[in-house]
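A.B. asks: You'll find entry-v5.cif just under this line, and it carries mmCIF, C-alpha atoms.
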```cif
data_structure
loop_
_atom_site.label_atom_id
_atom_site.label_comp_id
_atom_site.auth_asym_id
_atom_site.auth_seq_id
_atom_site.Cartn_x
_atom_site.Cartn_y
_atom_site.Cartn_z
CA MET A 12 109.14 123.17 35.27
CA GLU A 13 108.69 122.97 31.48
CA PRO A 14 104.90 122.56 31.18
CA GLN A 15 105.55 122.10 27.46
CA ARG A 16 102.04 121.62 26.20
CA ARG A 17 99.91 123.65 28.61
CA PRO A 18 97.00 124.51 26.32
CA GLY A 19 96.99 128.18 25.46
CA GLY A 20 100.29 128.82 27.24
CA ARG A 21 103.37 130.31 25.65
CA SER A 22 104.73 126.86 24.88
CA ALA A 23 101.50 125.90 23.08
CA ARG A 24 101.61 129.16 21.09
CA VAL A 25 105.21 128.48 20.07
CA ARG A 26 104.24 124.99 18.96
CA GLU A 27 101.36 126.35 16.86
CA ALA A 28 103.61 128.93 15.21
CA VAL A 29 106.39 126.44 14.51
CA LEU A 30 104.08 123.77 13.13
CA ASP A 31 102.22 126.33 11.00
CA ALA A 32 105.59 127.43 9.64
CA THR A 33 106.55 123.78 9.01
CA THR A 34 103.36 123.23 7.03
CA ALA A 35 103.85 126.44 5.03
CA GLU A 36 107.46 125.50 4.23
CA LEU A 37 106.38 122.03 3.11
CA ALA A 38 103.70 123.52 0.89
CA GLU A 39 106.13 125.92 -0.74
CA HIS A 40 109.35 123.95 -1.00
CA GLY A 41 108.53 120.29 -0.33
CA TYR A 42 110.03 117.90 2.16
CA PRO A 43 113.62 117.52 0.92
CA ALA A 44 114.16 121.29 1.27
CA LEU A 45 112.76 121.56 4.83
CA THR A 46 115.24 123.05 7.31
CA VAL A 47 115.01 123.93 10.99
CA GLU A 48 116.44 127.38 10.21
CA ALA A 49 113.77 128.24 7.64
CA VAL A 50 111.01 127.08 9.95
CA ALA A 51 112.41 129.08 12.90
CA GLN A 52 112.74 132.22 10.79
CA ARG A 53 109.24 131.88 9.40
CA ALA A 54 107.75 131.23 12.85
CA GLY A 55 109.66 134.18 14.38
CA VAL A 56 111.25 131.88 16.94
CA HIS A 57 114.94 131.50 17.76
CA LYS A 58 116.39 128.48 15.96
CA THR A 59 117.89 127.04 19.16
CA THR A 60 114.33 126.83 20.55
CA VAL A 61 113.31 124.80 17.51
CA TYR A 62 116.43 122.59 17.69
CA ARG A 63 115.96 121.96 21.40
CA ARG A 64 112.34 120.87 21.09
CA TRP A 65 112.13 119.28 17.60
CA ARG A 66 115.79 118.44 16.86
CA SER A 67 115.42 118.01 13.06
CA PRO A 68 113.15 118.38 10.01
CA GLU A 69 111.86 114.85 10.72
CA GLY A 70 110.99 115.88 14.26
CA LEU A 71 109.03 118.84 12.87
CA VAL A 72 107.19 116.68 10.36
CA ALA A 73 106.42 114.06 13.00
CA ASP A 74 104.97 116.69 15.37
CA ALA A 75 102.99 118.33 12.53
CA LEU A 76 101.49 114.89 11.86
CA ASP A 77 100.75 114.43 15.56
CA ARG A 78 98.95 117.76 15.57
CA ALA A 79 97.00 116.79 12.44
CA ALA A 80 96.01 113.50 14.11
CA GLU A 81 94.62 115.50 17.07
CA GLN A 82 92.34 117.42 14.72
CA SER A 83 89.32 115.51 13.56
CA TRP A 84 88.35 114.78 10.01
CA PRO A 85 85.05 115.74 8.37
CA ILE A 86 83.62 112.22 8.19
CA PRO A 87 80.72 112.13 5.70
CA ASP A 88 77.27 111.30 7.07
CA THR A 89 74.97 111.21 4.04
CA GLY A 90 72.58 108.49 5.21
CA THR A 91 73.85 105.69 2.97
CA LEU A 92 76.98 103.56 3.05
CA THR A 93 77.68 104.03 -0.65
CA ASP A 94 77.50 107.81 -0.51
CA ASP A 95 79.48 108.01 2.73
CA LEU A 96 82.32 105.89 1.41
CA ARG A 97 82.34 107.53 -2.03
CA THR A 98 82.47 110.94 -0.36
CA LEU A 99 85.35 109.77 1.81
CA THR A 100 87.46 108.50 -1.10
CA GLU A 101 86.67 111.66 -3.08
CA LEU A 102 87.81 113.82 -0.11
CA LEU A 103 91.02 111.85 -0.02
CA ARG A 104 91.50 112.20 -3.76
CA THR A 105 91.02 115.96 -3.73
CA GLY A 106 93.23 116.29 -0.63
CA PHE A 107 96.11 114.70 -2.54
CA THR A 108 95.50 116.41 -5.89
CA ALA A 109 94.17 119.93 -5.19
CA PRO A 110 96.94 122.54 -5.50
CA GLU A 111 96.25 124.03 -2.05
CA SER A 112 96.52 120.74 -0.12
CA ALA A 113 98.50 118.30 -2.29
CA PRO A 114 102.04 119.57 -1.53
CA VAL A 115 101.72 119.19 2.25
CA ALA A 116 99.84 115.89 2.07
CA THR A 117 102.43 114.53 -0.35
CA ALA A 118 105.31 115.85 1.77
CA PHE A 119 104.00 113.96 4.81
CA VAL A 120 103.90 110.69 2.86
CA ALA A 121 107.35 111.34 1.34
CA ALA A 122 108.83 112.01 4.79
CA GLY A 123 107.61 108.61 5.94
CA MET A 124 109.57 106.93 3.16
CA HIS A 125 112.85 108.28 4.47
CA HIS A 126 112.69 108.66 8.21
CA PRO A 127 111.58 106.18 10.85
CA GLU A 128 110.34 109.02 13.06
CA ALA A 129 108.03 110.33 10.33
CA ALA A 130 106.99 106.76 9.45
CA ALA A 131 105.96 106.15 13.08
CA ALA A 132 104.03 109.45 13.12
CA LEU A 133 102.25 108.48 9.88
CA ARG A 134 101.31 105.13 11.35
CA THR A 135 99.74 106.84 14.36
CA PHE A 136 98.13 109.48 12.17
CA TYR A 137 96.47 106.98 9.83
CA ALA A 138 95.41 104.72 12.70
CA ALA A 139 93.52 107.72 14.15
CA ARG A 140 92.02 108.57 10.72
CA HIS A 141 90.93 104.98 10.12
CA ARG A 142 89.35 104.76 13.57
CA GLU A 143 87.41 107.96 12.91
CA ALA A 144 86.27 106.85 9.47
CA ALA A 145 85.17 103.45 10.80
CA VAL A 146 82.03 105.18 12.09
CA ILE A 147 80.82 105.01 8.46
CA ILE A 148 80.79 101.22 8.72
CA ASP A 149 79.29 101.26 12.23
CA ARG A 150 76.43 103.48 11.03
CA ALA A 151 75.80 101.19 8.02
CA VAL A 152 75.58 98.25 10.41
CA ALA A 153 73.15 100.20 12.63
CA ARG A 154 70.98 100.97 9.57
CA GLY A 155 71.02 97.29 8.59
CA GLU A 156 73.05 97.90 5.42
CA LEU A 157 75.82 95.60 6.60
CA GLU A 158 75.99 92.59 8.89
CA PRO A 159 77.45 93.26 12.34
CA GLY A 160 80.89 91.94 13.27
CA LEU A 161 82.94 93.45 10.46
CA ALA A 162 86.46 94.72 10.99
CA ALA A 163 85.41 98.28 10.14
CA VAL A 164 88.94 99.67 9.89
CA GLU A 165 89.84 96.99 7.35
CA ILE A 166 86.96 98.13 5.10
CA ILE A 167 88.22 101.71 5.30
CA ARG A 168 91.71 100.51 4.36
CA PHE A 169 90.32 98.67 1.30
CA ALA A 170 88.46 101.81 0.23
CA VAL A 171 91.50 104.11 0.36
CA ALA A 172 94.36 101.77 -0.62
CA PRO A 173 93.72 101.87 -4.41
CA LEU A 174 94.00 105.68 -4.38
CA PHE A 175 97.29 105.69 -2.52
CA HIS A 176 98.54 102.93 -4.82
CA ARG A 177 97.95 105.11 -7.88
CA LEU A 178 99.27 108.28 -6.27
CA PHE A 179 102.50 107.01 -4.73
CA ILE A 180 103.40 103.64 -6.24
CA THR A 181 102.32 103.46 -9.88
CA HIS A 182 102.11 107.25 -10.37
CA GLU A 183 98.92 106.99 -12.38
CA PRO A 184 96.30 109.74 -12.43
CA VAL A 185 93.44 109.33 -9.95
CA THR A 186 90.05 110.30 -11.34
CA ALA A 187 86.74 110.80 -9.53
CA ALA A 188 85.65 107.52 -11.17
CA ASP A 189 88.66 105.75 -9.61
CA ALA A 190 87.70 107.09 -6.18
CA GLU A 191 84.12 105.90 -6.63
CA ARG A 192 85.24 102.48 -7.87
CA ALA A 193 87.51 102.02 -4.84
CA ALA A 194 84.64 102.85 -2.46
CA ASP A 195 82.31 100.45 -4.26
CA ALA A 196 84.92 97.68 -4.22
CA ALA A 197 85.33 98.05 -0.44
CA ILE A 198 81.56 97.77 -0.03
CA ALA A 199 81.61 94.54 -2.07
CA VAL A 200 84.21 93.18 0.32
CA ALA A 201 82.16 94.31 3.33
CA ARG A 202 79.15 92.42 1.96
CA LEU A 203 80.96 89.12 1.41
CA PRO A 204 79.31 86.27 3.25
CA ARG A 205 81.56 85.44 6.14
CA ASN A 206 82.63 82.05 7.32
CA THR A 207 82.48 82.32 11.11
CA GLU A 208 84.78 79.33 11.57
CA LYS A 209 87.71 80.69 9.61
CA PRO A 210 87.23 84.44 9.21
CA GLY A 211 87.43 85.55 5.58
CA PRO A 212 88.42 88.83 3.93
CA PRO A 213 86.57 91.45 5.94
CA ARG A 214 87.58 90.30 9.42
CA MET B 20 127.27 105.41 -34.97
CA GLU B 21 126.20 104.84 -31.34
CA PRO B 22 124.39 101.48 -31.58
CA GLN B 23 123.70 101.98 -27.87
CA ARG B 24 121.65 98.92 -27.16
CA ARG B 25 122.97 96.35 -29.63
CA PRO B 26 122.26 93.13 -27.69
CA GLY B 27 125.44 91.47 -26.53
CA GLY B 28 127.60 94.34 -27.78
CA ARG B 29 130.00 96.40 -25.66
CA SER B 30 127.33 98.97 -25.02
CA ALA B 31 124.92 96.30 -23.77
CA ARG B 32 127.64 94.89 -21.50
CA VAL B 33 128.36 98.34 -20.09
CA ARG B 34 124.67 98.82 -19.43
CA GLU B 35 124.44 95.47 -17.61
CA ALA B 36 127.47 96.30 -15.47
CA VAL B 37 126.25 99.79 -14.64
CA LEU B 38 122.71 98.70 -13.78
CA ASP B 39 123.99 95.77 -11.71
CA ALA B 40 126.16 98.25 -9.84
CA THR B 41 123.18 100.58 -9.40
CA THR B 42 121.13 97.77 -7.91
CA ALA B 43 123.97 96.72 -5.61
CA GLU B 44 124.47 100.31 -4.41
CA LEU B 45 120.75 100.68 -3.75
CA ALA B 46 120.71 97.43 -1.79
CA GLU B 47 123.65 98.50 0.35
CA HIS B 48 123.16 102.22 0.85
CA GLY B 49 119.62 103.08 -0.22
CA TYR B 50 118.38 105.63 -2.70
CA PRO B 51 119.32 108.94 -1.03
CA ALA B 52 122.99 107.87 -0.98
CA LEU B 53 123.13 106.80 -4.64
CA THR B 54 125.81 108.62 -6.66
CA VAL B 55 127.01 108.35 -10.25
CA GLU B 56 130.61 108.14 -8.99
CA ALA B 57 129.97 105.16 -6.71
CA VAL B 58 128.08 103.33 -9.46
CA ALA B 59 130.85 104.00 -12.02
CA GLN B 60 133.55 102.82 -9.63
CA ARG B 61 131.63 99.67 -8.74
CA ALA B 62 130.92 98.89 -12.40
CA GLY B 63 134.54 99.51 -13.40
CA VAL B 64 133.47 102.14 -15.92
CA HIS B 65 134.72 105.70 -16.28
CA LYS B 66 132.36 108.12 -14.60
CA THR B 67 132.08 110.35 -17.68
CA THR B 68 130.63 107.33 -19.53
CA VAL B 69 127.96 107.00 -16.85
CA TYR B 70 127.28 110.74 -16.79
CA ARG B 71 126.99 110.90 -20.57
CA ARG B 72 124.51 108.05 -20.83
CA TRP B 73 122.52 108.22 -17.56
CA ARG B 74 123.14 111.83 -16.43
CA SER B 75 122.10 111.38 -12.75
CA PRO B 76 121.12 108.91 -10.01
CA GLU B 77 117.49 109.27 -11.18
CA GLY B 78 118.52 108.34 -14.71
CA LEU B 79 120.23 105.23 -13.34
CA VAL B 80 117.19 104.25 -11.28
CA ALA B 81 114.86 104.86 -14.22
CA ASP B 82 116.96 102.65 -16.50
CA ALA B 83 117.27 99.95 -13.82
CA LEU B 84 113.46 99.97 -13.65
CA ASP B 85 113.24 99.79 -17.45
CA ARG B 86 115.52 96.77 -17.40
CA ALA B 87 113.44 95.15 -14.64
CA ALA B 88 110.28 95.75 -16.70
CA GLU B 89 111.93 93.91 -19.64
CA GLN B 90 112.43 90.85 -17.43
CA SER B 91 109.31 88.83 -16.87
CA TRP B 92 107.80 87.94 -13.56
CA PRO B 93 107.11 84.42 -12.28
CA ILE B 94 103.31 84.58 -12.60
CA PRO B 95 101.72 81.80 -10.52
CA ASP B 96 99.75 79.14 -12.39
CA THR B 97 98.33 76.83 -9.71
CA GLY B 98 95.06 75.93 -11.39
CA THR B 99 92.75 78.06 -9.24
CA LEU B 100 92.11 81.79 -9.11
CA THR B 101 92.33 81.92 -5.32
CA ASP B 102 95.70 80.17 -5.16
CA ASP B 103 97.12 82.17 -8.09
CA LEU B 104 96.16 85.51 -6.60
CA ARG B 105 97.20 84.56 -3.06
CA THR B 106 100.57 83.38 -4.41
CA LEU B 107 100.97 86.66 -6.28
CA THR B 108 100.29 88.85 -3.23
CA GLU B 109 102.57 86.65 -1.12
CA LEU B 110 105.37 87.02 -3.71
CA LEU B 111 104.91 90.77 -3.56
CA ARG B 112 104.93 90.74 0.24
CA THR B 113 108.14 88.74 0.47
CA GLY B 114 109.74 90.87 -2.28
CA PHE B 115 109.23 93.97 -0.15
CA THR B 116 110.07 92.41 3.22
CA ALA B 117 112.82 89.80 2.65
CA PRO B 118 116.26 91.19 3.53
CA GLU B 119 117.79 90.24 0.16
CA SER B 120 115.17 92.02 -1.97
CA ALA B 121 113.48 94.66 0.21
CA PRO B 122 116.17 97.39 0.04
CA VAL B 123 116.19 97.58 -3.77
CA ALA B 124 112.42 97.25 -4.13
CA THR B 125 111.92 99.95 -1.50
CA ALA B 126 114.55 102.20 -3.10
CA PHE B 127 112.72 102.05 -6.44
CA VAL B 128 109.46 103.17 -4.83
CA ALA B 129 111.24 105.89 -2.82
CA ALA B 130 112.91 107.24 -5.96
CA GLY B 131 109.50 107.67 -7.56
CA MET B 132 108.44 109.96 -4.71
CA HIS B 133 111.17 112.45 -5.48
CA HIS B 134 111.92 112.42 -9.17
CA PRO B 135 109.57 112.66 -12.12
CA GLU B 136 111.90 110.52 -14.23
CA ALA B 137 111.81 107.68 -11.70
CA ALA B 138 108.03 108.15 -11.28
CA ALA B 139 107.54 107.77 -15.05
CA ALA B 140 109.75 104.66 -15.05
CA LEU B 141 107.72 103.18 -12.16
CA ARG B 142 104.51 103.83 -14.02
CA THR B 143 105.81 101.95 -17.07
CA PHE B 144 107.27 99.21 -14.87
CA TYR B 145 104.02 98.56 -13.00
CA ALA B 146 101.93 98.78 -16.17
CA ALA B 147 104.05 95.93 -17.58
CA ARG B 148 103.78 93.93 -14.34
CA HIS B 149 100.00 94.39 -14.18
CA ARG B 150 99.60 93.34 -17.81
CA GLU B 151 101.63 90.20 -17.15
CA ALA B 152 99.70 89.35 -13.98
CA ALA B 153 96.36 89.88 -15.73
CA VAL B 154 96.80 86.42 -17.26
CA ILE B 155 95.69 85.10 -13.84
CA ILE B 156 92.29 86.67 -14.43
CA ASP B 157 92.16 85.59 -18.09
CA ARG B 158 92.85 81.98 -17.07
CA ALA B 159 90.15 82.12 -14.38
CA VAL B 160 87.69 83.35 -17.02
CA ALA B 161 88.77 80.51 -19.36
CA ARG B 162 88.18 77.98 -16.55
CA GLY B 163 84.74 79.46 -15.90
CA GLU B 164 85.70 80.79 -12.44
CA LEU B 165 84.90 84.36 -13.46
CA GLU B 166 82.54 85.95 -15.95
CA PRO B 167 84.20 87.29 -19.11
CA GLY B 168 84.54 91.01 -19.72
CA LEU B 169 86.38 92.00 -16.53
CA ALA B 170 89.03 94.70 -16.50
CA ALA B 171 91.70 92.20 -15.48
CA VAL B 172 94.34 94.80 -14.65
CA GLU B 173 91.95 96.53 -12.25
CA ILE B 174 91.53 93.27 -10.30
CA ILE B 175 95.31 92.91 -10.05
CA ARG B 176 95.51 96.49 -8.75
CA PHE B 177 92.89 95.75 -6.07
CA ALA B 178 94.84 92.67 -4.99
CA VAL B 179 98.15 94.46 -4.54
CA ALA B 180 97.07 97.95 -3.39
CA PRO B 181 96.40 97.02 0.27
CA LEU B 182 99.95 95.68 0.61
CA PHE B 183 101.55 98.82 -0.79
CA HIS B 184 99.27 100.90 1.43
CA ARG B 185 100.58 99.20 4.55
CA LEU B 186 104.20 99.19 3.39
CA PHE B 187 104.57 102.78 2.18
CA ILE B 188 101.68 104.86 3.51
CA THR B 189 100.60 103.67 6.95
CA HIS B 190 103.89 101.85 7.72
CA GLU B 191 102.10 98.90 9.26
CA PRO B 192 103.52 95.37 9.22
CA VAL B 193 102.30 93.17 6.35
CA THR B 194 101.63 89.58 7.37
CA ALA B 195 100.97 86.53 5.18
CA ALA B 196 97.36 86.79 6.37
CA ASP B 197 97.19 90.38 5.09
CA ALA B 198 98.45 89.25 1.68
CA GLU B 199 95.86 86.46 1.57
CA ARG B 200 93.05 88.79 2.65
CA ALA B 201 93.96 91.30 -0.08
CA ALA B 202 93.85 88.56 -2.74
CA ASP B 203 90.50 87.30 -1.46
CA ALA B 204 89.06 90.83 -1.41
CA ALA B 205 90.06 91.36 -5.05
CA ILE B 206 88.32 88.10 -5.96
CA ALA B 207 85.17 89.32 -4.23
CA VAL B 208 85.30 92.44 -6.37
CA ALA B 209 85.89 90.36 -9.52
CA ARG B 210 82.79 88.31 -8.69
CA LEU B 211 80.48 91.30 -8.20
CA PRO B 212 77.45 91.16 -10.46
CA ARG B 213 78.03 93.79 -13.11
CA ASN B 214 75.58 96.28 -14.43
CA THR B 215 76.28 96.34 -18.15
CA GLU B 216 74.59 99.72 -18.55
CA LYS B 217 76.75 101.64 -16.10
CA PRO B 218 79.86 99.56 -15.43
CA GLY B 219 80.41 98.93 -11.73
CA PRO B 220 83.59 98.27 -9.73
CA PRO B 221 85.39 95.65 -11.77
CA ARG B 222 85.21 97.33 -15.15
#
```
Would you mind giving the structure from this file in structure tokens?
C.D. replies:
Amino acid sequence: MEPQRRPGGRSARVREAVLDATTAELAEHGYPALTVEAVAQRAGVHKTTVYRRWRSPEGLVADALDRAAEQSWPIPDTGTLTDDLRTLTELLRTGFTAPESAPVATAFVAAGMHHPEAAAALRTFYAARHREAAVIIDRAVARGELEPGLAAVEIIRFAVAPLFHRLFITHEPVTAADAERAADAAIAVARLPRNTEKPGPPR
Amino acid sequence: MEPQRRPGGRSARVREAVLDATTAELAEHGYPALTVEAVAQRAGVHKTTVYRRWRSPEGLVADALDRAAEQSWPIPDTGTLTDDLRTLTELLRTGFTAPESAPVATAFVAAGMHHPEAAAALRTFYAARHREAAVIIDRAVARGELEPGLAAVEIIRFAVAPLFHRLFITHEPVTAADAERAADAAIAVARLPRNTEKPGPPR
């Protein structure tokens, strides 16, 4: 028995309710204040159900990240590499700074700093996001904007890393100009002539 | 009265002892476990002294960061831009992964995620580090390796951001090859032809 994730079944509905409640709690109170009890109460589910299946706040965060990774991202498709990548970094910037999305997005990153389970979920989550976004590079190659053979995911990482660096390491503001600059820098790296003998930066 | 930071005075010695104890506690137990009591006991100072001057664990972390910012960094000076920047990113990588330094370095970053006071201290700390490291770019310009007029600090940020992204956001391993690739990517950005009318990436 226990068909825990039968789509549309009672178990799936409980998961949706619990993870929605987790997200709402994170948005309102942040990660350090997240408790299984508050999530259970908000979801209208008995707390032993939540404990049995998710065990802890970290378990809840990890599963909320897994659910987010299952949902796809609105990858820009503007027709040019520059606009696609600038749109992507701007989406990321607004996701982490807009009042309606920043608290949850920030809480996910904060959870990863403190709990191996959340860190592993973040790793999986971002691997999925990077794979999805890599289509921007693939399309640019197909249009002849970039040479084939690039490590597309690496270019995506270069485009987003400067934003995360400002947000979570140096705690500097991130402007739209910063997001644009990061996208343009990644494109410069993608356009580097490559040494096929000893692969350079964008491999 | 209260010449709190007279160099070499009793107050300065207390500060040294308390911040050394803070660093040792962070290394052993991590940031979430840091308490004023444990730091006071380790430093051999009465806890009311610590409370009066530093108020909280965040105050201790912020002052430990301020002290670290006062100390200068061993900025590489190898004679070439590539080797300087690769050495810098490798120093950063080992600082955050070597068992003797990683716990404290990681604790500082983690503290910034949770407390505005620590976040402000990190911002000041990294601004000082970036300014110091910018000499690598200035020297490359003086040698004729780069065009003058670059925003040197921005190049340093591009070099280090991919490492922090892997360490604290995606929780991926950071290899020596990753550190080298990040340095090389930043150099590619520094070498971009610049449009003087509308400044491009490396401004």
A.B. asks: Of the candidates A:Ala187, A:Ala201, A:Leu103, A:Ala28, which shows the shortest atom-to-atom distance to Gly160 (chain A), using all atoms listed in the file?
C.D. replies: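 Of A:Ala187, A:Ala201, A:Leu103, A:Ala28, the one nearest Gly160 (chain A) is A:Ala201, counting all atoms listed in the file.
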A.B. asks: Compile a residue-level contact table for chain A against chain B at a cut-off of 9 Å, reporting for every qualifying residue the shortest atom pair and its distance in Å to one decimal, with only C-alpha atoms counted, rows ordered by chain and ascending number, as CSV.
C.D. replies:
```
residue,atom,partner,partner_atom,distance
A:Pro43,CA,B:His133,CA,8.5
A:Thr117,CA,B:Met132,CA,8.7
A:Val120,CA,B:Ile188,CA,6.3
A:Ala121,CA,B:Met132,CA,6.3
A:Gly123,CA,B:Ile188,CA,7.4
A:Met124,CA,B:Ala129,CA,6.3
A:His125,CA,B:Ala129,CA,7.8
A:Ala130,CA,B:His190,CA,6.1
A:Ala131,CA,B:His190,CA,7.2
A:Leu133,CA,B:Thr189,CA,5.9
A:Arg134,CA,B:Thr189,CA,4.7
A:Thr135,CA,B:Thr189,CA,8.1
A:Phe136,CA,B:Thr189,CA,8.2
A:Tyr137,CA,B:Thr189,CA,6.0
A:Ala138,CA,B:Thr189,CA,7.8
A:Arg168,CA,B:Pro181,CA,7.1
A:Phe169,CA,B:Pro181,CA,6.4
A:Val171,CA,B:His184,CA,8.5
A:Ala172,CA,B:Pro181,CA,5.2
A:Pro173,CA,B:Ala180,CA,5.3
A:Leu174,CA,B:Ala180,CA,8.4
A:Phe175,CA,B:His184,CA,6.5
A:His176,CA,B:Ala180,CA,5.4
A:Arg177,CA,B:Ala180,CA,8.5
A:Phe179,CA,B:Met132,CA,6.6
A:Ile180,CA,B:Val128,CA,6.2
A:Thr181,CA,B:Arg142,CA,4.7
A:His182,CA,B:Arg142,CA,5.5
A:Glu183,CA,B:Arg142,CA,6.6
A:Glu191,CA,B:Pro220,CA,8.3
A:Arg192,CA,B:Pro220,CA,4.9
A:Ala193,CA,B:Pro220,CA,7.3
A:Ala194,CA,B:Pro220,CA,8.7
A:Asp195,CA,B:Pro220,CA,6.0
A:Ala196,CA,B:Val208,CA,5.7
A:Ala197,CA,B:Val208,CA,8.2
A:Ala199,CA,B:Val208,CA,6.0
A:Val200,CA,B:Ala204,CA,5.7
A:Leu203,CA,B:Ala207,CA,7.0
A:Gly211,CA,B:Arg200,CA,7.1
A:Pro212,CA,B:Arg200,CA,4.8
A:Pro213,CA,B:Arg200,CA,7.7
A:Arg214,CA,B:Arg200,CA,8.8
```
A.B. asks: Could you save the residues just selected, with C-alpha atoms, as a PDB file, keeping the file's coordinate frame?
C.D. replies:
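The new file again30.pdb reads:
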```
ATOM      1  CA  PRO A  43     113.620 117.520   0.920  1.00  0.00           C
ATOM      2  CA  THR A 117     102.430 114.530  -0.350  1.00  0.00           C
ATOM      3  CA  VAL A 120     103.900 110.690   2.860  1.00  0.00           C
ATOM      4  CA  ALA A 121     107.350 111.340   1.340  1.00  0.00           C
ATOM      5  CA  GLY A 123     107.610 108.610   5.940  1.00  0.00           C
ATOM      6  CA  MET A 124     109.570 106.930   3.160  1.00  0.00           C
ATOM      7  CA  HIS A 125     112.850 108.280   4.470  1.00  0.00           C
ATOM      8  CA  ALA A 130     106.990 106.760   9.450  1.00  0.00           C
ATOM      9  CA  ALA A 131     105.960 106.150  13.080  1.00  0.00           C
ATOM     10  CA  LEU A 133     102.250 108.480   9.880  1.00  0.00           C
ATOM     11  CA  ARG A 134     101.310 105.130  11.350  1.00  0.00           C
ATOM     12  CA  THR A 135      99.740 106.840  14.360  1.00  0.00           C
ATOM     13  CA  PHE A 136      98.130 109.480  12.170  1.00  0.00           C
ATOM     14  CA  TYR A 137      96.470 106.980   9.830  1.00  0.00           C
ATOM     15  CA  ALA A 138      95.410 104.720  12.700  1.00  0.00           C
ATOM     16  CA  ARG A 168      91.710 100.510   4.360  1.00  0.00           C
ATOM     17  CA  PHE A 169      90.320  98.670   1.300  1.00  0.00           C
ATOM     18  CA  VAL A 171      91.500 104.110   0.360  1.00  0.00           C
ATOM     19  CA  ALA A 172      94.360 101.770  -0.620  1.00  0.00           C
ATOM     20  CA  PRO A 173      93.720 101.870  -4.410  1.00  0.00           C
ATOM     21  CA  LEU A 174      94.000 105.680  -4.380  1.00  0.00           C
ATOM     22  CA  PHE A 175      97.290 105.690  -2.520  1.00  0.00           C
ATOM     23  CA  HIS A 176      98.540 102.930  -4.820  1.00  0.00           C
ATOM     24  CA  ARG A 177      97.950 105.110  -7.880  1.00  0.00           C
ATOM     25  CA  PHE A 179     102.500 107.010  -4.730  1.00  0.00           C
ATOM     26  CA  ILE A 180     103.400 103.640  -6.240  1.00  0.00           C
ATOM     27  CA  THR A 181     102.320 103.460  -9.880  1.00  0.00           C
ATOM     28  CA  HIS A 182     102.110 107.250 -10.370  1.00  0.00           C
ATOM     29  CA  GLU A 183      98.920 106.990 -12.380  1.00  0.00           C
ATOM     30  CA  GLU A 191      84.120 105.900  -6.630  1.00  0.00           C
ATOM     31  CA  ARG A 192      85.240 102.480  -7.870  1.00  0.00           C
ATOM     32  CA  ALA A 193      87.510 102.020  -4.840  1.00  0.00           C
ATOM     33  CA  ALA A 194      84.640 102.850  -2.460  1.00  0.00           C
ATOM     34  CA  ASP A 195      82.310 100.450  -4.260  1.00  0.00           C
ATOM     35  CA  ALA A 196      84.920  97.680  -4.220  1.00  0.00           C
ATOM     36  CA  ALA A 197      85.330  98.050  -0.440  1.00  0.00           C
ATOM     37  CA  ALA A 199      81.610  94.540  -2.070  1.00  0.00           C
ATOM     38  CA  VAL A 200      84.210  93.180   0.320  1.00  0.00           C
ATOM     39  CA  LEU A 203      80.960  89.120   1.410  1.00  0.00           C
ATOM     40  CA  GLY A 211      87.430  85.550   5.580  1.00  0.00           C
ATOM     41  CA  PRO A 212      88.420  88.830   3.930  1.00  0.00           C
ATOM     42  CA  PRO A 213      86.570  91.450   5.940  1.00  0.00           C
ATOM     43  CA  ARG A 214      87.580  90.300   9.420  1.00  0.00           C
TER      44      ARG A 214
END
```
A.B. asks: I need the residue nearest Leu37 (chain A) from this list: A:Leu161, A:Ala109, A:Val72, A:Val152. Use all atoms listed in the file for the distance.
C.D. replies: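 Closest to Leu37 (chain A), using all atoms listed in the file: A:Val72.
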A.B. asks: I'd like a table as a tab-separated table: residues in region 21-133 of chain B with an atom no more than 9 Å from region 148-157 of chain B, each row giving the shortest atom pair and its distance in Å to one decimal, all atoms listed in the file counted, sorted by chain and rising residue number.
C.D. replies:
```
residue	atom	partner	partner_atom	distance
B:Ala88	CA	B:Arg148	CA	7.2
B:Ser91	CA	B:Glu151	CA	7.8
B:Trp92	CA	B:Arg148	CA	7.3
B:Ile94	CA	B:Ala152	CA	6.1
B:Pro95	CA	B:Ile155	CA	7.6
B:Asp96	CA	B:Ile155	CA	7.4
B:Thr99	CA	B:Ile155	CA	8.9
B:Leu100	CA	B:Ile155	CA	6.8
B:Asp103	CA	B:Ile155	CA	6.6
B:Leu104	CA	B:Ile155	CA	7.3
B:Leu107	CA	B:Ala152	CA	8.3
```
A.B. asks: Between CA of Glu166 (chain B) and CA of Arg112 (chain B), what is the distance, to one decimal in Å?
C.D. replies: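 Answer for the CA of Glu166 (chain B) to CA of Arg112 (chain B) separation: 28.0 Å.
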A.B. asks: Selected by the PyMOL selection byres ((chain B and resi 77) around 8) in the shown coordinates: which residues, as a list in words?
C.D. replies: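 Checked against the file, the PyMOL selection byres ((chain B and resi 77) around 8) matches Ser75, Pro76, Gly78, Leu79, Val80, Ala81, Ala130, His134, Glu136 and Ala137 of chain B.
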A.B. asks: Which residues come within 8 Å of Glu47 (chain B), counting all atoms listed in the file, excluding same-chain residues fewer than 3 positions away, as number ranges by chain?
C.D. replies: B: 43-44, 122
A.B. asks: If you measure from CA of Ala170 (chain B) to CA of Thr101 (chain B), what distance in Å do you get, rounded to one decimal?
C.D. replies: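 CA of Ala170 (chain B) sits 17.3 Å away from CA of Thr101 (chain B).
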A.B. asks: For CA of Ser120 (chain B) and CA of Arg34 (chain B), determine how far apart the two atoms are, in Å to one decimal place.
C.D. replies: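 For CA of Ser120 (chain B) relative to CA of Arg34 (chain B), the distance reads 21.0 Å.
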